[in-house]
Amino acid sequence: MESDLMQPHELGIDLGGTKVLLVAGKIQYKAHTGKTFTPARLKSLLKEFILTNQLLPTTIGIAIPGLIQENKVIASDVLPEFIGWYPSLDWDDMPYTFGLSNDVKAALYGEFPNIAPEFCGGIIMVGTAIGAAFVSNGQEILGTQGWAGELGYFPIPTVNGVKRLDELSGGQFLADKLGLNPVEMVKKALDGEPNVLQEITIAGQYLGLAIAGLLNLLNPSQIAVGGGTLGLPGYWDAMIKIAKENTIPSFWKEGILCKVQSGQQVAALGAVRKLRS
C-alpha cells in the first residue's frame with residue numbers, strides 16, 4: 001500500500017492570502033503573500049527552495065484559494081494576480097508535473113487520506129476567508145462544476161443587511177473591521193482588549209450558526225475545522241457553543257467538530273495526495 005507520507009520526489013505548496021508554505025518531506029519554508037503576490041514571485045520562491053535544499057522533485061501539488069478547473073485558476077478573491085494562471089502551460093520551462101487544487105479540497109485529503117466508503121464528513125478552513133469540502137458515503141461532494149464548498153459565500157442576515165460568512169467570520173475581514181492588520185489584531189486579542197475580544201466572539205458565533213446549518217443538512221459523523229483564525233482567543237469556544245445550541249440534538253455528539261490534526265501542512269500534503277490519485 002502506498003505510504004500516506006510525502007515521498008522524496010514530491011513537493012507540496014499551500015498558497016494562501018497571507019502566506020505561502022512550501023513542503024518537501026520534513027523540509028518546509030514559509031513566506032508572506034498578499035493581493036499583489038504574483039505567479040512570477042511564487043516561481044522564484046519555488047526555484048530557490050529547490051536549489052537551496054538540493055531537491056529533485058518530479059511532481060508538485062499546489063493548493064490555492066479559489067475556483068480551479070482543468071488545472072487552471074478560474075477565480076480567486078484573495079490572490080487576484082493568479083486568475084487565469086495555468087502552471088502546466090505558463091511554467092512549461094520547469095521540468096515538473098504540476099497539479100492545482102482548491103486549497104480546502106486539498107486540505108480534505110490532507111486531513112482524511114483514507115476515506116472509508118461509509119464516511120460522511122468534511123473539513124472547514126477558516127483563514128483569510130472561509131472554505132469547505134465534504135464527503136457523503138465515501139464520495140466527495142463536488143457540485144456541477146466541481147466547485148461545491150464555497151462556505152464563505154453563505155449568506156447570513158444581519159442588522160446591516162445580508163452579509164457573506166467570509167465578511168462576518170473570515171480573519172482578514174475581521175481585522176479590517178477592527179481597523180487593524182492581522183498581526184495587530186492577534187496582539188490586541190492576546191492583551192485582552194475588550195472590543196477586539198467581543199468582535200472575535202461575534203465572528204465565532206456567526207461561523208457556529210453556519211456550521212449548525214451544515215450539521216442539520218448533511219448529518220455528518222465528523223467535521224474537522226482548521227486555519228489560523230481559530231487561534232484567536234474565544235473564537236473556537238463561541239463557535240462550538242452556537243453550533244451546539246442550533247443543531248438538532250440527536251445529530252450532535254461530542255467530538256463531531258474537531259480541530260484539524262495535520263497542522264499547517266494539511267493543504268500542502270493534500271495537494272500532493274490529490275495529484276497522486
# chains A, B, ... in the order shown; residues from 1 in each chain; ligands from 1
$ residues_around --residues "stretch 42-50 of chain A" --least-positions-apart "3" --cutoff "10 Å" --atoms "only C-alpha atoms" --output "mmCIF file with all heavy atoms, in the first residue's frame"
data_model
loop_
_atom_site.group_PDB
_atom_site.id
_atom_site.type_symbol
_atom_site.label_atom_id
_atom_site.label_comp_id
_atom_site.auth_asym_id
_atom_site.auth_seq_id
_atom_site.Cartn_x
_atom_site.Cartn_y
_atom_site.Cartn_z
ATOM 1 N N LEU A 11 6.571 17.457 -3.876
ATOM 2 C CA LEU A 11 6.671 18.744 -3.210
ATOM 3 C C LEU A 11 5.268 19.343 -3.155
ATOM 4 O O LEU A 11 4.543 19.328 -4.151
ATOM 5 C CB LEU A 11 7.626 19.664 -3.978
ATOM 6 C CG LEU A 11 8.110 20.955 -3.314
ATOM 7 C CD1 LEU A 11 9.461 21.364 -3.901
ATOM 8 C CD2 LEU A 11 7.114 22.099 -3.485
ATOM 9 N N ILE A 13 2.704 22.679 -2.054
ATOM 10 C CA ILE A 13 2.660 24.125 -1.826
ATOM 11 C C ILE A 13 1.263 24.506 -1.362
ATOM 12 O O ILE A 13 0.271 24.174 -2.013
ATOM 13 C CB ILE A 13 3.007 24.912 -3.105
ATOM 14 C CG1 ILE A 13 4.426 24.566 -3.588
ATOM 15 C CG2 ILE A 13 2.873 26.414 -2.858
ATOM 16 C CD1 ILE A 13 4.793 25.221 -4.915
ATOM 17 N N LEU A 15 -0.696 27.753 -0.979
ATOM 18 C CA LEU A 15 -0.646 29.163 -1.351
ATOM 19 C C LEU A 15 -1.880 29.859 -0.808
ATOM 20 O O LEU A 15 -3.002 29.548 -1.220
ATOM 21 C CB LEU A 15 -0.582 29.283 -2.878
ATOM 22 C CG LEU A 15 -0.551 30.673 -3.486
ATOM 23 C CD1 LEU A 15 0.619 31.482 -2.952
ATOM 24 C CD2 LEU A 15 -0.472 30.566 -5.013
ATOM 25 N N VAL A 20 2.570 31.703 1.992
ATOM 26 C CA VAL A 20 2.743 30.511 1.171
ATOM 27 C C VAL A 20 3.674 29.574 1.933
ATOM 28 O O VAL A 20 4.667 30.008 2.514
ATOM 29 C CB VAL A 20 3.324 30.845 -0.225
ATOM 30 C CG1 VAL A 20 4.665 31.555 -0.142
ATOM 31 C CG2 VAL A 20 3.451 29.564 -1.064
ATOM 32 N N LEU A 22 5.849 26.016 1.509
ATOM 33 C CA LEU A 22 6.407 25.004 0.619
ATOM 34 C C LEU A 22 6.912 23.859 1.484
ATOM 35 O O LEU A 22 7.633 24.082 2.468
ATOM 36 C CB LEU A 22 7.556 25.563 -0.217
ATOM 37 C CG LEU A 22 7.183 26.634 -1.249
ATOM 38 C CD1 LEU A 22 7.195 28.025 -0.624
ATOM 39 C CD2 LEU A 22 8.141 26.609 -2.440
ATOM 40 N N VAL A 23 6.536 22.632 1.140
ATOM 41 C CA VAL A 23 6.848 21.462 1.959
ATOM 42 C C VAL A 23 7.419 20.341 1.094
ATOM 43 O O VAL A 23 6.842 19.983 0.059
ATOM 44 C CB VAL A 23 5.589 20.934 2.682
ATOM 45 C CG1 VAL A 23 5.940 19.716 3.539
ATOM 46 C CG2 VAL A 23 4.951 22.020 3.530
ATOM 47 N N ALA A 24 8.548 19.791 1.520
ATOM 48 C CA ALA A 24 9.137 18.611 0.896
ATOM 49 C C ALA A 24 9.623 17.707 2.013
ATOM 50 O O ALA A 24 10.693 17.949 2.592
ATOM 51 C CB ALA A 24 10.285 18.992 -0.034
ATOM 52 N N ILE A 27 11.234 19.131 5.255
ATOM 53 C CA ILE A 27 11.739 20.467 4.939
ATOM 54 C C ILE A 27 10.574 21.374 4.576
ATOM 55 O O ILE A 27 9.693 20.985 3.796
ATOM 56 C CB ILE A 27 12.736 20.419 3.763
ATOM 57 C CG1 ILE A 27 13.870 19.437 4.068
ATOM 58 C CG2 ILE A 27 13.298 21.806 3.477
ATOM 59 C CD1 ILE A 27 14.725 19.126 2.857
ATOM 60 N N GLN A 28 10.540 22.567 5.140
ATOM 61 C CA GLN A 28 9.487 23.492 4.773
ATOM 62 C C GLN A 28 10.002 24.933 4.813
ATOM 63 O O GLN A 28 10.993 25.248 5.477
ATOM 64 C CB GLN A 28 8.272 23.337 5.673
ATOM 65 C CG GLN A 28 8.473 23.706 7.130
ATOM 66 C CD GLN A 28 7.173 23.564 7.914
ATOM 67 O OE1 GLN A 28 6.453 22.577 7.790
ATOM 68 N NE2 GLN A 28 6.863 24.549 8.734
ATOM 69 N N TYR A 29 9.303 25.792 4.077
ATOM 70 C CA TYR A 29 9.673 27.208 4.023
ATOM 71 C C TYR A 29 8.394 28.026 3.894
ATOM 72 O O TYR A 29 7.485 27.653 3.149
ATOM 73 C CB TYR A 29 10.595 27.485 2.818
ATOM 74 C CG TYR A 29 10.898 28.947 2.620
ATOM 75 C CD1 TYR A 29 11.821 29.595 3.424
ATOM 76 C CD2 TYR A 29 10.231 29.687 1.632
ATOM 77 C CE1 TYR A 29 12.101 30.943 3.257
ATOM 78 C CE2 TYR A 29 10.507 31.033 1.461
ATOM 79 C CZ TYR A 29 11.436 31.666 2.277
ATOM 80 O OH TYR A 29 11.705 32.994 2.113
ATOM 81 N N LYS A 30 8.331 29.151 4.609
ATOM 82 C CA LYS A 30 7.148 29.995 4.603
ATOM 83 C C LYS A 30 7.531 31.422 4.209
ATOM 84 O O LYS A 30 8.591 31.924 4.601
ATOM 85 C CB LYS A 30 6.491 29.994 5.984
ATOM 86 C CG LYS A 30 5.152 30.708 6.054
ATOM 87 C CD LYS A 30 4.618 30.777 7.480
ATOM 88 C CE LYS A 30 4.276 29.397 8.012
ATOM 89 N NZ LYS A 30 3.651 29.471 9.365
ATOM 90 N N ALA A 31 6.661 32.070 3.422
ATOM 91 C CA ALA A 31 6.871 33.455 3.032
ATOM 92 C C ALA A 31 5.534 34.176 2.994
ATOM 93 O O ALA A 31 4.474 33.555 2.882
ATOM 94 C CB ALA A 31 7.554 33.526 1.658
ATOM 95 N N THR A 33 2.525 36.545 1.421
ATOM 96 C CA THR A 33 1.928 36.756 0.105
ATOM 97 C C THR A 33 1.142 38.077 0.126
ATOM 98 O O THR A 33 1.700 39.117 0.393
ATOM 99 C CB THR A 33 1.023 35.580 -0.304
ATOM 100 O OG1 THR A 33 -0.007 35.404 0.680
ATOM 101 C CG2 THR A 33 1.831 34.289 -0.418
ATOM 102 N N PHE A 37 0.746 39.500 -4.654
ATOM 103 C CA PHE A 37 1.626 38.345 -4.891
ATOM 104 C C PHE A 37 1.334 37.756 -6.273
ATOM 105 O O PHE A 37 0.180 37.613 -6.669
ATOM 106 C CB PHE A 37 1.387 37.298 -3.807
ATOM 107 C CG PHE A 37 2.407 36.203 -3.759
ATOM 108 C CD1 PHE A 37 3.668 36.425 -3.235
ATOM 109 C CD2 PHE A 37 2.114 34.928 -4.234
ATOM 110 C CE1 PHE A 37 4.611 35.405 -3.170
ATOM 111 C CE2 PHE A 37 3.043 33.904 -4.176
ATOM 112 C CZ PHE A 37 4.299 34.151 -3.653
ATOM 113 N N THR A 38 2.386 37.421 -7.016
ATOM 114 C CA THR A 38 2.235 37.001 -8.408
ATOM 115 C C THR A 38 2.783 35.596 -8.653
ATOM 116 O O THR A 38 3.604 35.091 -7.874
ATOM 117 C CB THR A 38 2.993 37.963 -9.338
ATOM 118 O OG1 THR A 38 4.412 37.860 -9.053
ATOM 119 C CG2 THR A 38 2.540 39.407 -9.141
ATOM 120 N N PRO A 39 2.368 34.962 -9.770
ATOM 121 C CA PRO A 39 2.956 33.673 -10.145
ATOM 122 C C PRO A 39 4.466 33.758 -10.336
ATOM 123 O O PRO A 39 5.188 32.806 -10.030
ATOM 124 C CB PRO A 39 2.241 33.340 -11.460
ATOM 125 C CG PRO A 39 0.909 34.005 -11.344
ATOM 126 C CD PRO A 39 1.220 35.298 -10.642
ATOM 127 N N ASN A 53 17.762 23.519 -0.985
ATOM 128 C CA ASN A 53 17.654 22.240 -0.278
ATOM 129 C C ASN A 53 18.065 21.042 -1.130
ATOM 130 O O ASN A 53 17.895 19.899 -0.706
ATOM 131 C CB ASN A 53 16.216 22.063 0.218
ATOM 132 C CG ASN A 53 15.834 23.103 1.252
ATOM 133 O OD1 ASN A 53 16.311 23.076 2.380
ATOM 134 N ND2 ASN A 53 14.975 24.052 0.862
ATOM 135 N N GLN A 54 18.586 21.326 -2.337
ATOM 136 C CA GLN A 54 19.077 20.290 -3.246
ATOM 137 C C GLN A 54 18.030 19.200 -3.464
ATOM 138 O O GLN A 54 18.308 18.000 -3.358
ATOM 139 C CB GLN A 54 20.394 19.695 -2.711
ATOM 140 C CG GLN A 54 21.508 20.719 -2.584
ATOM 141 C CD GLN A 54 22.822 20.124 -2.106
ATOM 142 O OE1 GLN A 54 22.890 18.979 -1.660
ATOM 143 N NE2 GLN A 54 23.893 20.884 -2.212
ATOM 144 N N LEU A 55 16.827 19.640 -3.813
ATOM 145 C CA LEU A 55 15.714 18.728 -4.023
ATOM 146 C C LEU A 55 15.647 18.270 -5.470
ATOM 147 O O LEU A 55 16.127 18.962 -6.374
ATOM 148 C CB LEU A 55 14.396 19.414 -3.647
ATOM 149 C CG LEU A 55 14.313 19.969 -2.218
ATOM 150 C CD1 LEU A 55 13.034 20.761 -2.027
ATOM 151 C CD2 LEU A 55 14.405 18.842 -1.194
ATOM 152 N N LEU A 56 15.031 17.111 -5.666
ATOM 153 C CA LEU A 56 14.849 16.577 -7.015
ATOM 154 C C LEU A 56 13.379 16.168 -7.208
ATOM 155 O O LEU A 56 13.071 14.993 -7.436
ATOM 156 C CB LEU A 56 15.775 15.370 -7.250
ATOM 157 C CG LEU A 56 17.278 15.656 -7.224
ATOM 158 C CD1 LEU A 56 18.065 14.347 -7.242
ATOM 159 C CD2 LEU A 56 17.665 16.530 -8.424
ATOM 160 N N PRO A 57 12.475 17.131 -7.129
ATOM 161 C CA PRO A 57 11.058 16.766 -7.263
ATOM 162 C C PRO A 57 10.683 16.460 -8.705
ATOM 163 O O PRO A 57 11.300 16.968 -9.651
ATOM 164 C CB PRO A 57 10.341 18.032 -6.788
ATOM 165 C CG PRO A 57 11.266 19.134 -7.176
ATOM 166 C CD PRO A 57 12.652 18.577 -6.968
ATOM 167 N N PRO A 87 -0.319 26.639 -14.586
ATOM 168 C CA PRO A 87 1.108 26.325 -14.424
ATOM 169 C C PRO A 87 1.670 25.350 -15.440
ATOM 170 O O PRO A 87 2.833 25.473 -15.838
ATOM 171 C CB PRO A 87 1.189 25.762 -12.995
ATOM 172 C CG PRO A 87 -0.202 25.347 -12.666
ATOM 173 C CD PRO A 87 -1.094 26.286 -13.400
ATOM 174 N N TRP A 91 4.340 27.690 -16.892
ATOM 175 C CA TRP A 91 5.648 27.303 -16.369
ATOM 176 C C TRP A 91 6.194 26.093 -17.137
ATOM 177 O O TRP A 91 6.794 25.199 -16.557
ATOM 178 C CB TRP A 91 5.545 26.944 -14.882
ATOM 179 C CG TRP A 91 5.325 28.124 -13.988
ATOM 180 C CD1 TRP A 91 5.170 29.433 -14.341
ATOM 181 C CD2 TRP A 91 5.245 28.087 -12.554
ATOM 182 N NE1 TRP A 91 4.981 30.215 -13.233
ATOM 183 C CE2 TRP A 91 5.028 29.421 -12.116
ATOM 184 C CE3 TRP A 91 5.317 27.075 -11.603
ATOM 185 C CZ2 TRP A 91 4.899 29.749 -10.764
ATOM 186 C CZ3 TRP A 91 5.179 27.397 -10.274
ATOM 187 C CH2 TRP A 91 4.984 28.727 -9.853
ATOM 188 N N MET A 94 9.709 24.552 -16.674
ATOM 189 C CA MET A 94 10.108 23.827 -15.465
ATOM 190 C C MET A 94 9.750 22.350 -15.626
ATOM 191 O O MET A 94 8.611 22.023 -15.978
ATOM 192 C CB MET A 94 9.406 24.419 -14.237
ATOM 193 C CG MET A 94 9.731 25.891 -14.010
ATOM 194 S SD MET A 94 9.034 26.541 -12.465
ATOM 195 C CE MET A 94 10.175 25.861 -11.261
#
$ residues_around --residues "A:Gly110" --least-positions-apart "2" --cutoff "8 Å" --atoms "only C-alpha atoms" --output "NGL selection string"
:A and (106-108 or 112-113 or 262 or 265-271 or 273)
$ residues_around --residues "A:Gly204" --least-positions-apart "3" --cutoff "8 Å" --atoms "only C-alpha atoms" --output "ChimeraX atom specification"
/A:169,200-201,207-208,234-239
$ atom_distance --atom1 "atom CA of A:Ala243" --atom2 "atom CA of A:Pro65"
25.1 Å
$ residues_around --residues "A:Glu118" --least-positions-apart "5" --cutoff "8 Å" --atoms "only C-alpha atoms" --output "PDB file with N, CA, C and O atoms, in the first residue's frame"
ATOM      1  N   SER A 136     -19.821  12.467   1.293  1.00  0.00           N
ATOM      2  CA  SER A 136     -21.025  11.746   1.678  1.00  0.00           C
ATOM      3  C   SER A 136     -20.895  10.307   1.216  1.00  0.00           C
ATOM      4  O   SER A 136     -20.665  10.041   0.038  1.00  0.00           O
ATOM      5  N   ASN A 137     -20.975   9.381   2.178  1.00  0.00           N
ATOM      6  CA  ASN A 137     -20.834   7.954   1.888  1.00  0.00           C
ATOM      7  C   ASN A 137     -19.582   7.666   1.059  1.00  0.00           C
ATOM      8  O   ASN A 137     -19.617   6.933   0.077  1.00  0.00           O
ATOM      9  N   GLY A 138     -18.470   8.258   1.489  1.00  0.00           N
ATOM     10  CA  GLY A 138     -17.181   7.986   0.879  1.00  0.00           C
ATOM     11  C   GLY A 138     -16.880   8.738  -0.395  1.00  0.00           C
ATOM     12  O   GLY A 138     -15.773   8.637  -0.923  1.00  0.00           O
TER      13      GLY A 138
END
$ closest_residue --among "A:Asp191, A:Glu10, A:Glu245, A:Asp176" --to "A:Gly61" --atoms "only C-alpha atoms"
A:Glu10
$ decode --residues "stretch 96-127 of chain A" --atoms "N, CA and C atoms" --output "PDB file, in the first residue's frame"
ATOM      1  N   TYR A  96       8.557  19.712 -14.261  1.00  0.00           N
ATOM      2  CA  TYR A  96       7.789  19.062 -13.210  1.00  0.00           C
ATOM      3  C   TYR A  96       6.346  18.859 -13.670  1.00  0.00           C
ATOM      4  N   THR A  97       5.692  17.899 -13.039  1.00  0.00           N
ATOM      5  CA  THR A  97       4.254  17.727 -13.229  1.00  0.00           C
ATOM      6  C   THR A  97       3.545  18.519 -12.152  1.00  0.00           C
ATOM      7  N   PHE A  98       2.726  19.497 -12.573  1.00  0.00           N
ATOM      8  CA  PHE A  98       2.018  20.341 -11.628  1.00  0.00           C
ATOM      9  C   PHE A  98       0.557  19.914 -11.514  1.00  0.00           C
ATOM     10  N   GLY A  99       0.037  19.965 -10.288  1.00  0.00           N
ATOM     11  CA  GLY A  99      -1.373  19.694 -10.072  1.00  0.00           C
ATOM     12  C   GLY A  99      -1.967  20.758  -9.175  1.00  0.00           C
ATOM     13  N   LEU A 100      -2.968  21.489  -9.674  1.00  0.00           N
ATOM     14  CA  LEU A 100      -3.636  22.524  -8.896  1.00  0.00           C
ATOM     15  C   LEU A 100      -4.865  21.952  -8.201  1.00  0.00           C
ATOM     16  N   SER A 101      -5.092  22.381  -6.956  1.00  0.00           N
ATOM     17  CA  SER A 101      -6.291  22.009  -6.219  1.00  0.00           C
ATOM     18  C   SER A 101      -6.794  23.225  -5.464  1.00  0.00           C
ATOM     19  N   ASN A 102      -8.113  23.328  -5.336  1.00  0.00           N
ATOM     20  CA  ASN A 102      -8.646  24.287  -4.384  1.00  0.00           C
ATOM     21  C   ASN A 102      -8.051  23.967  -3.016  1.00  0.00           C
ATOM     22  N   ASP A 103      -7.680  24.987  -2.251  1.00  0.00           N
ATOM     23  CA  ASP A 103      -6.946  24.742  -1.011  1.00  0.00           C
ATOM     24  C   ASP A 103      -7.724  23.915   0.011  1.00  0.00           C
ATOM     25  N   VAL A 104      -9.033  24.142   0.096  1.00  0.00           N
ATOM     26  CA  VAL A 104      -9.797  23.394   1.097  1.00  0.00           C
ATOM     27  C   VAL A 104     -10.059  21.968   0.618  1.00  0.00           C
ATOM     28  N   LYS A 105     -10.279  21.784  -0.667  1.00  0.00           N
ATOM     29  CA  LYS A 105     -10.429  20.424  -1.188  1.00  0.00           C
ATOM     30  C   LYS A 105      -9.127  19.640  -0.998  1.00  0.00           C
ATOM     31  N   ALA A 106      -8.000  20.318  -1.150  1.00  0.00           N
ATOM     32  CA  ALA A 106      -6.715  19.670  -0.870  1.00  0.00           C
ATOM     33  C   ALA A 106      -6.621  19.317   0.610  1.00  0.00           C
ATOM     34  N   ALA A 107      -7.025  20.249   1.476  1.00  0.00           N
ATOM     35  CA  ALA A 107      -6.959  20.003   2.920  1.00  0.00           C
ATOM     36  C   ALA A 107      -7.817  18.814   3.338  1.00  0.00           C
ATOM     37  N   LEU A 108      -8.926  18.595   2.619  1.00  0.00           N
ATOM     38  CA  LEU A 108      -9.774  17.433   2.903  1.00  0.00           C
ATOM     39  C   LEU A 108      -8.964  16.145   2.805  1.00  0.00           C
ATOM     40  N   TYR A 109      -8.159  16.034   1.740  1.00  0.00           N
ATOM     41  CA  TYR A 109      -7.340  14.831   1.542  1.00  0.00           C
ATOM     42  C   TYR A 109      -6.114  14.831   2.448  1.00  0.00           C
ATOM     43  N   GLY A 110      -5.684  16.023   2.883  1.00  0.00           N
ATOM     44  CA  GLY A 110      -4.595  16.086   3.845  1.00  0.00           C
ATOM     45  C   GLY A 110      -5.020  15.594   5.208  1.00  0.00           C
ATOM     46  N   GLU A 111      -6.264  15.903   5.589  1.00  0.00           N
ATOM     47  CA  GLU A 111      -6.771  15.513   6.905  1.00  0.00           C
ATOM     48  C   GLU A 111      -7.342  14.098   6.914  1.00  0.00           C
ATOM     49  N   PHE A 112      -7.960  13.692   5.794  1.00  0.00           N
ATOM     50  CA  PHE A 112      -8.583  12.361   5.702  1.00  0.00           C
ATOM     51  C   PHE A 112      -7.985  11.617   4.494  1.00  0.00           C
ATOM     52  N   PRO A 113      -6.769  11.085   4.627  1.00  0.00           N
ATOM     53  CA  PRO A 113      -6.112  10.456   3.475  1.00  0.00           C
ATOM     54  C   PRO A 113      -6.742   9.149   3.027  1.00  0.00           C
ATOM     55  N   ASN A 114      -7.410   8.465   3.930  1.00  0.00           N
ATOM     56  CA  ASN A 114      -8.020   7.177   3.596  1.00  0.00           C
ATOM     57  C   ASN A 114      -9.501   7.228   3.955  1.00  0.00           C
ATOM     58  N   ILE A 115     -10.312   7.683   3.012  1.00  0.00           N
ATOM     59  CA  ILE A 115     -11.734   7.894   3.262  1.00  0.00           C
ATOM     60  C   ILE A 115     -12.497   6.582   3.093  1.00  0.00           C
ATOM     61  N   ALA A 116     -13.123   6.129   4.179  1.00  0.00           N
ATOM     62  CA  ALA A 116     -13.870   4.874   4.144  1.00  0.00           C
ATOM     63  C   ALA A 116     -15.172   5.055   3.365  1.00  0.00           C
ATOM     64  N   PRO A 117     -15.689   3.978   2.756  1.00  0.00           N
ATOM     65  CA  PRO A 117     -16.918   4.074   1.950  1.00  0.00           C
ATOM     66  C   PRO A 117     -18.128   4.592   2.724  1.00  0.00           C
ATOM     67  N   GLU A 118     -18.140   4.400   4.027  1.00  0.00           N
ATOM     68  CA  GLU A 118     -19.293   4.826   4.820  1.00  0.00           C
ATOM     69  C   GLU A 118     -19.116   6.217   5.437  1.00  0.00           C
ATOM     70  N   PHE A 119     -17.959   6.850   5.204  1.00  0.00           N
ATOM     71  CA  PHE A 119     -17.658   8.122   5.873  1.00  0.00           C
ATOM     72  C   PHE A 119     -18.516   9.261   5.345  1.00  0.00           C
ATOM     73  N   CYS A 120     -19.090  10.029   6.269  1.00  0.00           N
ATOM     74  CA  CYS A 120     -19.814  11.264   5.942  1.00  0.00           C
ATOM     75  C   CYS A 120     -19.219  12.367   6.819  1.00  0.00           C
ATOM     76  N   GLY A 121     -18.586  13.330   6.208  1.00  0.00           N
ATOM     77  CA  GLY A 121     -17.950  14.387   6.986  1.00  0.00           C
ATOM     78  C   GLY A 121     -17.255  15.373   6.087  1.00  0.00           C
ATOM     79  N   GLY A 122     -16.311  16.104   6.657  1.00  0.00           N
ATOM     80  CA  GLY A 122     -15.621  17.077   5.826  1.00  0.00           C
ATOM     81  C   GLY A 122     -14.689  17.950   6.618  1.00  0.00           C
ATOM     82  N   ILE A 123     -14.316  19.058   5.994  1.00  0.00           N
ATOM     83  CA  ILE A 123     -13.355  19.982   6.591  1.00  0.00           C
ATOM     84  C   ILE A 123     -13.784  21.409   6.288  1.00  0.00           C
ATOM     85  N   ILE A 124     -13.566  22.282   7.260  1.00  0.00           N
ATOM     86  CA  ILE A 124     -13.793  23.721   7.091  1.00  0.00           C
ATOM     87  C   ILE A 124     -12.501  24.425   7.469  1.00  0.00           C
ATOM     88  N   MET A 125     -12.010  25.296   6.585  1.00  0.00           N
ATOM     89  CA  MET A 125     -10.793  26.038   6.861  1.00  0.00           C
ATOM     90  C   MET A 125     -11.140  27.519   7.003  1.00  0.00           C
ATOM     91  N   VAL A 126     -10.692  28.081   8.127  1.00  0.00           N
ATOM     92  CA  VAL A 126     -11.007  29.471   8.458  1.00  0.00           C
ATOM     93  C   VAL A 126      -9.700  30.252   8.546  1.00  0.00           C
ATOM     94  N   GLY A 127      -9.367  30.909   7.451  1.00  0.00           N
ATOM     95  CA  GLY A 127      -8.153  31.701   7.416  1.00  0.00           C
ATOM     96  C   GLY A 127      -8.483  33.123   7.012  1.00  0.00           C
TER      97      GLY A 127
END
